[in-house]
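**Q** Supplied structure: structure-v8.cif, mmCIF, C-alpha atoms.
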```cif
data_entry
loop_
_atom_site.group_PDB
_atom_site.id
_atom_site.type_symbol
_atom_site.label_atom_id
_atom_site.label_comp_id
_atom_site.auth_asym_id
_atom_site.auth_seq_id
_atom_site.Cartn_x
_atom_site.Cartn_y
_atom_site.Cartn_z
ATOM 1 C CA MET L 267 -45.881 68.680 26.367
ATOM 2 C CA ILE L 268 -43.508 68.392 23.380
ATOM 3 C CA ARG L 269 -40.506 68.213 25.716
ATOM 4 C CA GLU L 270 -42.055 65.295 27.578
ATOM 5 C CA LEU L 271 -42.684 63.440 24.303
ATOM 6 C CA ILE L 272 -39.116 64.058 23.137
ATOM 7 C CA GLU L 273 -37.675 62.858 26.447
ATOM 8 C CA LYS L 274 -39.786 59.677 26.249
ATOM 9 C CA ASN L 275 -38.912 59.133 22.579
ATOM 10 C CA ARG L 276 -35.842 56.979 23.032
ATOM 11 C CA THR L 277 -34.337 54.366 20.737
ATOM 12 C CA TYR L 278 -35.807 51.075 21.923
ATOM 13 C CA ARG L 279 -34.310 47.777 20.792
ATOM 14 C CA ARG L 280 -36.348 45.276 22.812
ATOM 15 C CA PHE L 281 -40.132 45.001 22.668
ATOM 16 C CA TYR L 282 -43.070 42.969 23.888
ATOM 17 C CA GLN L 283 -43.377 41.103 20.612
ATOM 18 C CA ASP L 284 -46.820 39.720 21.493
ATOM 19 C CA VAL L 285 -48.306 43.239 21.809
ATOM 20 C CA GLU L 286 -49.748 43.875 18.364
ATOM 21 C CA VAL L 287 -49.449 47.178 16.529
ATOM 22 C CA SER L 288 -52.553 47.415 14.371
ATOM 23 C CA GLN L 289 -52.755 48.499 10.746
ATOM 24 C CA GLU L 290 -54.933 51.389 11.927
ATOM 25 C CA THR L 291 -52.220 52.570 14.342
ATOM 26 C CA LEU L 292 -49.583 52.380 11.609
ATOM 27 C CA ARG L 293 -51.834 54.385 9.286
ATOM 28 C CA GLU L 294 -52.322 57.021 12.012
ATOM 29 C CA LEU L 295 -48.532 57.320 12.385
ATOM 30 C CA ILE L 296 -48.044 57.656 8.629
ATOM 31 C CA ASP L 297 -50.753 60.311 8.589
ATOM 32 C CA LEU L 298 -48.593 62.347 10.985
ATOM 33 C CA ALA L 299 -45.717 62.066 8.495
ATOM 34 C CA ARG L 300 -48.089 63.012 5.671
ATOM 35 C CA LEU L 301 -49.113 66.182 7.487
ATOM 36 C CA SER L 302 -45.497 67.185 8.192
ATOM 37 C CA SER L 303 -43.628 69.658 6.021
ATOM 38 C CA THR L 304 -41.717 68.467 2.954
ATOM 39 C CA GLY L 305 -39.153 70.110 0.690
ATOM 40 C CA GLY L 306 -40.972 72.010 -2.059
ATOM 41 C CA ASN L 307 -44.150 70.263 -0.855
ATOM 42 C CA LEU L 308 -43.215 67.468 -3.281
ATOM 43 C CA GLN L 309 -44.271 64.713 -0.864
ATOM 44 C CA SER L 310 -42.018 62.105 -2.435
ATOM 45 C CA LEU L 311 -41.902 59.770 0.577
ATOM 46 C CA LYS L 312 -43.851 56.518 0.526
ATOM 47 C CA PHE L 313 -44.187 53.968 3.309
ATOM 48 C CA PHE L 314 -44.225 50.168 3.340
ATOM 49 C CA LEU L 315 -46.067 48.923 6.438
ATOM 50 C CA SER L 316 -45.581 45.520 8.044
ATOM 51 C CA GLN L 317 -47.137 43.937 11.081
ATOM 52 C CA THR L 318 -47.257 40.288 10.076
ATOM 53 C CA HIS L 319 -44.808 37.819 11.566
ATOM 54 C CA GLU L 320 -43.725 36.597 8.139
ATOM 55 C CA THR L 321 -42.872 40.020 6.695
ATOM 56 C CA ASN L 322 -41.428 41.244 9.981
ATOM 57 C CA THR L 323 -39.050 38.265 9.946
ATOM 58 C CA LEU L 324 -37.876 39.125 6.422
ATOM 59 C CA ILE L 325 -37.274 42.759 7.385
ATOM 60 C CA PHE L 326 -35.538 41.844 10.663
ATOM 61 C CA LYS L 327 -32.923 39.774 8.810
ATOM 62 C CA THR L 328 -31.823 42.833 6.775
ATOM 63 C CA LEU L 329 -31.126 45.096 9.764
ATOM 64 C CA LYS L 330 -28.009 45.621 11.886
ATOM 65 C CA TRP L 331 -28.918 46.313 15.506
ATOM 66 C CA ALA L 332 -27.011 48.530 18.000
ATOM 67 C CA GLY L 333 -23.594 49.265 16.531
ATOM 68 C CA TYR L 334 -22.002 49.807 19.949
ATOM 69 C CA PHE L 335 -23.093 46.335 21.130
ATOM 70 C CA LYS L 336 -20.597 44.287 19.148
ATOM 71 C CA ASP L 337 -21.678 40.952 20.647
ATOM 72 C CA TRP L 338 -25.447 41.472 20.192
ATOM 73 C CA ASP L 339 -27.264 40.602 16.970
ATOM 74 C CA GLY L 340 -30.533 42.171 18.019
ATOM 75 C CA PRO L 341 -33.506 41.168 20.094
ATOM 76 C CA GLU L 342 -34.336 37.525 20.643
ATOM 77 C CA GLU L 343 -37.637 35.921 19.742
ATOM 78 C CA GLY L 344 -40.283 37.391 22.040
ATOM 79 C CA GLU L 345 -38.493 40.773 22.146
ATOM 80 C CA LYS L 346 -38.646 41.676 18.448
ATOM 81 C CA PRO L 347 -40.738 44.595 17.165
ATOM 82 C CA SER L 348 -44.387 44.003 16.301
ATOM 83 C CA ALA L 349 -44.297 46.270 13.256
ATOM 84 C CA TYR L 350 -42.020 48.012 10.799
ATOM 85 C CA VAL L 351 -42.276 51.070 8.592
ATOM 86 C CA VAL L 352 -39.945 51.114 5.610
ATOM 87 C CA VAL L 353 -39.500 54.721 4.478
ATOM 88 C CA LEU L 354 -39.115 55.006 0.716
ATOM 89 C CA HIS L 355 -38.264 57.795 -1.697
ATOM 90 C CA ASP L 356 -40.299 57.760 -4.909
ATOM 91 C CA ARG L 357 -37.841 58.823 -7.632
ATOM 92 C CA ARG L 358 -40.741 59.421 -10.038
ATOM 93 C CA ILE L 359 -41.739 62.442 -7.964
ATOM 94 C CA SER L 360 -38.349 64.027 -7.291
ATOM 95 C CA LYS L 361 -34.624 63.392 -7.653
ATOM 96 C CA GLY L 362 -33.938 64.155 -3.990
ATOM 97 C CA PHE L 363 -35.823 64.001 -0.729
ATOM 98 C CA PHE L 364 -34.328 67.045 1.021
ATOM 99 C CA TRP L 365 -34.877 66.873 4.789
ATOM 100 C CA ASP L 366 -38.186 65.027 4.459
ATOM 101 C CA GLN L 367 -36.930 61.733 5.874
ATOM 102 C CA GLY L 368 -35.847 63.229 9.202
ATOM 103 C CA ILE L 369 -39.051 65.188 9.687
ATOM 104 C CA ALA L 370 -41.230 62.197 8.769
ATOM 105 C CA VAL L 371 -39.357 59.783 11.036
ATOM 106 C CA GLN L 372 -39.498 62.195 13.968
ATOM 107 C CA SER L 373 -43.242 62.686 13.440
ATOM 108 C CA ILE L 374 -43.816 58.912 13.336
ATOM 109 C CA LEU L 375 -41.705 58.252 16.436
ATOM 110 C CA LEU L 376 -43.279 61.066 18.455
ATOM 111 C CA GLY L 377 -46.710 59.770 17.475
ATOM 112 C CA ALA L 378 -45.709 56.260 18.523
ATOM 113 C CA THR L 379 -44.448 57.597 21.855
ATOM 114 C CA GLU L 380 -47.743 59.401 22.435
ATOM 115 C CA LYS L 381 -49.520 56.048 21.926
ATOM 116 C CA GLY L 382 -47.312 54.273 24.490
ATOM 117 C CA LEU L 383 -45.186 52.633 21.806
ATOM 118 C CA GLY L 384 -41.528 53.023 20.977
ATOM 119 C CA GLY L 385 -39.275 52.617 18.012
ATOM 120 C CA CYS L 386 -35.835 52.314 16.561
ATOM 121 C CA GLN L 387 -34.674 53.884 13.305
ATOM 122 C CA PHE L 388 -32.240 51.929 11.131
ATOM 123 C CA ASN L 389 -29.851 53.172 8.513
ATOM 124 C CA SER L 390 -27.619 50.100 8.616
ATOM 125 C CA ILE L 391 -29.744 48.026 6.251
ATOM 126 C CA ASP L 392 -29.080 45.454 3.559
ATOM 127 C CA ARG L 393 -31.090 47.551 1.106
ATOM 128 C CA VAL L 394 -30.606 45.255 -1.883
ATOM 129 C CA THR L 395 -31.974 42.217 -0.044
ATOM 130 C CA LEU L 396 -34.778 44.213 1.567
ATOM 131 C CA ALA L 397 -35.916 45.620 -1.796
ATOM 132 C CA GLN L 398 -35.935 42.080 -3.185
ATOM 133 C CA VAL L 399 -37.878 40.454 -0.338
ATOM 134 C CA LEU L 400 -40.455 43.265 -0.383
ATOM 135 C CA THR L 401 -40.555 43.165 -4.216
ATOM 136 C CA LEU L 402 -40.230 46.931 -4.398
ATOM 137 C CA PRO L 403 -40.452 48.578 -7.820
ATOM 138 C CA ASP L 404 -37.185 50.095 -9.098
ATOM 139 C CA HIS L 405 -38.401 53.679 -8.664
ATOM 140 C CA PHE L 406 -38.392 53.268 -4.857
ATOM 141 C CA GLU L 407 -35.220 53.969 -2.876
ATOM 142 C CA ILE L 408 -35.086 52.623 0.689
ATOM 143 C CA LEU L 409 -34.160 55.496 3.002
ATOM 144 C CA THR L 410 -34.619 54.020 6.458
ATOM 145 C CA VAL L 411 -36.538 51.443 8.460
ATOM 146 C CA ILE L 412 -38.405 52.106 11.688
ATOM 147 C CA ALA L 413 -39.103 49.244 14.106
ATOM 148 C CA ILE L 414 -42.190 49.856 16.242
ATOM 149 C CA GLY L 415 -43.598 48.072 19.261
ATOM 150 C CA LYS L 416 -44.345 48.211 22.962
ATOM 151 C CA PRO L 417 -40.952 48.878 24.645
ATOM 152 C CA LYS L 418 -39.640 46.124 26.898
ATOM 153 C CA GLU L 419 -36.621 48.029 28.152
ATOM 154 C CA VAL L 420 -35.876 51.110 30.201
ATOM 155 C CA VAL L 421 -33.788 53.774 28.507
ATOM 156 C CA VAL L 422 -32.371 56.628 30.595
ATOM 157 C CA ILE L 423 -30.641 59.817 29.541
ATOM 158 C CA GLU L 424 -27.619 60.845 31.563
ATOM 159 C CA GLU L 425 -25.038 63.599 31.366
ATOM 160 C CA LEU L 426 -21.953 62.909 29.330
ATOM 161 C CA GLY L 427 -19.130 61.961 31.655
ATOM 162 C CA GLU L 428 -15.702 63.594 31.853
ATOM 163 C CA SER L 429 -14.304 60.942 29.529
ATOM 164 C CA GLY L 430 -16.468 62.343 26.728
ATOM 165 C CA ASP L 431 -17.570 58.820 25.759
ATOM 166 C CA ILE L 432 -20.872 59.094 23.882
ATOM 167 C CA LYS L 433 -21.424 55.327 23.511
ATOM 168 C CA TYR L 434 -24.684 54.039 24.928
ATOM 169 C CA TRP L 435 -24.470 51.002 27.201
ATOM 170 C CA ARG L 436 -26.495 48.573 29.312
ATOM 171 C CA ASP L 437 -25.934 47.942 32.993
ATOM 172 C CA GLN L 438 -26.277 44.598 34.786
ATOM 173 C CA GLN L 439 -30.018 45.160 35.244
ATOM 174 C CA GLY L 440 -30.434 45.650 31.463
ATOM 175 C CA ILE L 441 -31.124 49.371 31.753
ATOM 176 C CA HIS L 442 -29.994 51.160 28.618
ATOM 177 C CA HIS L 443 -27.964 54.343 29.335
ATOM 178 C CA VAL L 444 -27.620 57.135 26.775
ATOM 179 C CA PRO L 445 -25.065 59.876 27.531
ATOM 180 C CA LYS L 446 -25.980 63.353 26.250
ATOM 181 C CA ARG L 447 -23.810 66.432 25.946
ATOM 182 C CA ALA L 448 -24.704 69.433 28.122
ATOM 183 C CA LEU L 449 -26.817 72.173 26.530
ATOM 184 C CA ASP L 450 -24.027 74.737 26.963
ATOM 185 C CA ASP L 451 -21.671 72.442 25.018
ATOM 186 C CA LEU L 452 -23.978 72.631 22.004
ATOM 187 C CA ILE L 453 -24.545 76.363 21.789
ATOM 188 C CA PHE L 454 -21.855 78.390 20.084
ATOM 189 C CA ASN L 455 -22.017 82.132 19.630
ATOM 190 C CA LEU L 456 -19.198 84.349 18.415
#
```
Would you mind writing the file out in structure tokens?
**A**
Amino acid sequence: MIRELIEKNRTYRRFYQDVEVSQETLRELIDLARLSSTGGNLQSLKFFLSQTHETNTLIFKTLKWAGYFKDWDGPEEGEKPSAYVVVLHDRRISKGFFWDQGIAVQSILLGATEKGLGGCQFNSIDRVTLAQVLTLPDHFEILTVIAIGKPKEVVVIEELGESGDIKYWRDQQGIHHVPKRALDDLIFNL
């Protein structure tokens, strides 16, 4: 069951924008992150939730989409995400956030996948502008942004070719291909 969720949990960059992601669904996804382990059980992550067109538009403008697609500035109107989760670190609780961000994001994305949704995590963010437009207090540090919505694209995993090129790509039908290294290439024992 977990393998199936992980295989379905791809990075989606085009969505059915008119399919709403409710506040209740977002809260359920954050609850999965809340229940996940955290360094020292400090629980210093906080989450800004957005599912309104106005706030989504502000967030969208601060993100850089698909680094390997140099001529693509992100999804067009009608294919943008229906919701965003901005993952924050509360510096009042701890100086660092350990591995919490990765665990929380994976929990949120797996939960979204289980609900028939998909997402895309961003680390290429104009954090200064985003903090300003969301009027975040100074004690919050923006760690990452997760776009969430009903996927409008097909993403397939394929074996890494002989060239060793790991760059994802889209074919003429718009199918998104993601090359993955072989399992034996990842395991190293002396």
**Q** Carefully work through the PyMOL selection byres ((chain L and resi 286-294) around 7) for this structure and note down the residues it includes, as a list in words.
**A**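 Evaluating the PyMOL selection byres ((chain L and resi 286-294) around 7) on this file yields Asp284, Val285, Leu295, Ile296, Asp297, Leu298, Gln317, Ser348, Ala349 and Gly415 of chain L.
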**Q** Taking the file as I've supplied it (selection: the PyMOL selection byres ((chain L and resi 310) around 6)), which residues are included? Please answer as a PyMOL selection string.
**A** chain L and resi 308-309+311+355-356+359
**Q** Output C-alpha atoms of each residue in that selection to a file, as a compact mmCIF listing (two decimals), keeping the file's coordinate frame.
**A**
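Result file again-v2.txt:
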```txt
# COMPACT_ATOMS: atom_id res chain seq x y z
CA LEU L 308 -43.22 67.47 -3.28
CA GLN L 309 -44.27 64.71 -0.86
CA LEU L 311 -41.90 59.77 0.58
CA HIS L 355 -38.26 57.80 -1.70
CA ASP L 356 -40.30 57.76 -4.91
CA ILE L 359 -41.74 62.44 -7.96
```
**Q** Going by the chain IDs and residue numbers used in this file, which residues fall under the PyMOL selection byres ((chain L and resi 340) around 12)? Write them as a PyMOL selection string.
**A** chain L and resi 278-281+326-339+341-347+386+413
**Q** If the box runs along x, y and z of the file and leaves 5 Å on each side of stretch 303-307 of chain L, what are its centre and edge lengths in Å, one decimal, as lines of an AutoDock Vina configuration file?
**A**
```
center_x = -41.7
center_y = 70.2
center_z = 2.0
size_x = 15.0
size_y = 13.5
size_z = 18.1
```
**Q** Work out how far atom CA of L:Tyr282 is from atom CA of L:Gln438, in Å to one decimal.
**A**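 These two atoms are separated by 20.1 Å.
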**Q** Return the single residue from L:Arg276, L:Arg269, L:His405, L:Lys312 that is closest to L:Tyr434, with distances computed using all atoms listed in the file.
**A**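 Looking only at the distances to L:Tyr434, the closest residue turns out to be L:Arg276.
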**Q** So which residues touch L:Val411 within 12 Å, counting all atoms listed in the file, skipping near sequence neighbours fewer than 4 positions away, as an NGL selection string?
**A** :L and (312-316 or 322 or 325-326 or 328-331 or 347 or 349-354 or 367-368 or 370-371 or 374-375 or 385-393 or 396-397 or 407)
**Q** What lies within 7 Å of L:Leu383 using all atoms listed in the file, ignoring chain neighbours under 5 positions off, as an MDAnalysis selection string?
**A** chainID L and resid 378 414:417
**Q** What does the distance between atom CA of L:Leu376 and atom CA of L:Ile272 come to in Å, to one decimal place?
**A**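 Computing the Euclidean distance for atom CA of L:Leu376 and atom CA of L:Ile272 yields 6.9 Å.
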**Q** Please measure the separation of atom CA of L:Ile432 and atom CA of L:Glu273, giving the value in Å to one decimal.
**A** 17.4 Å
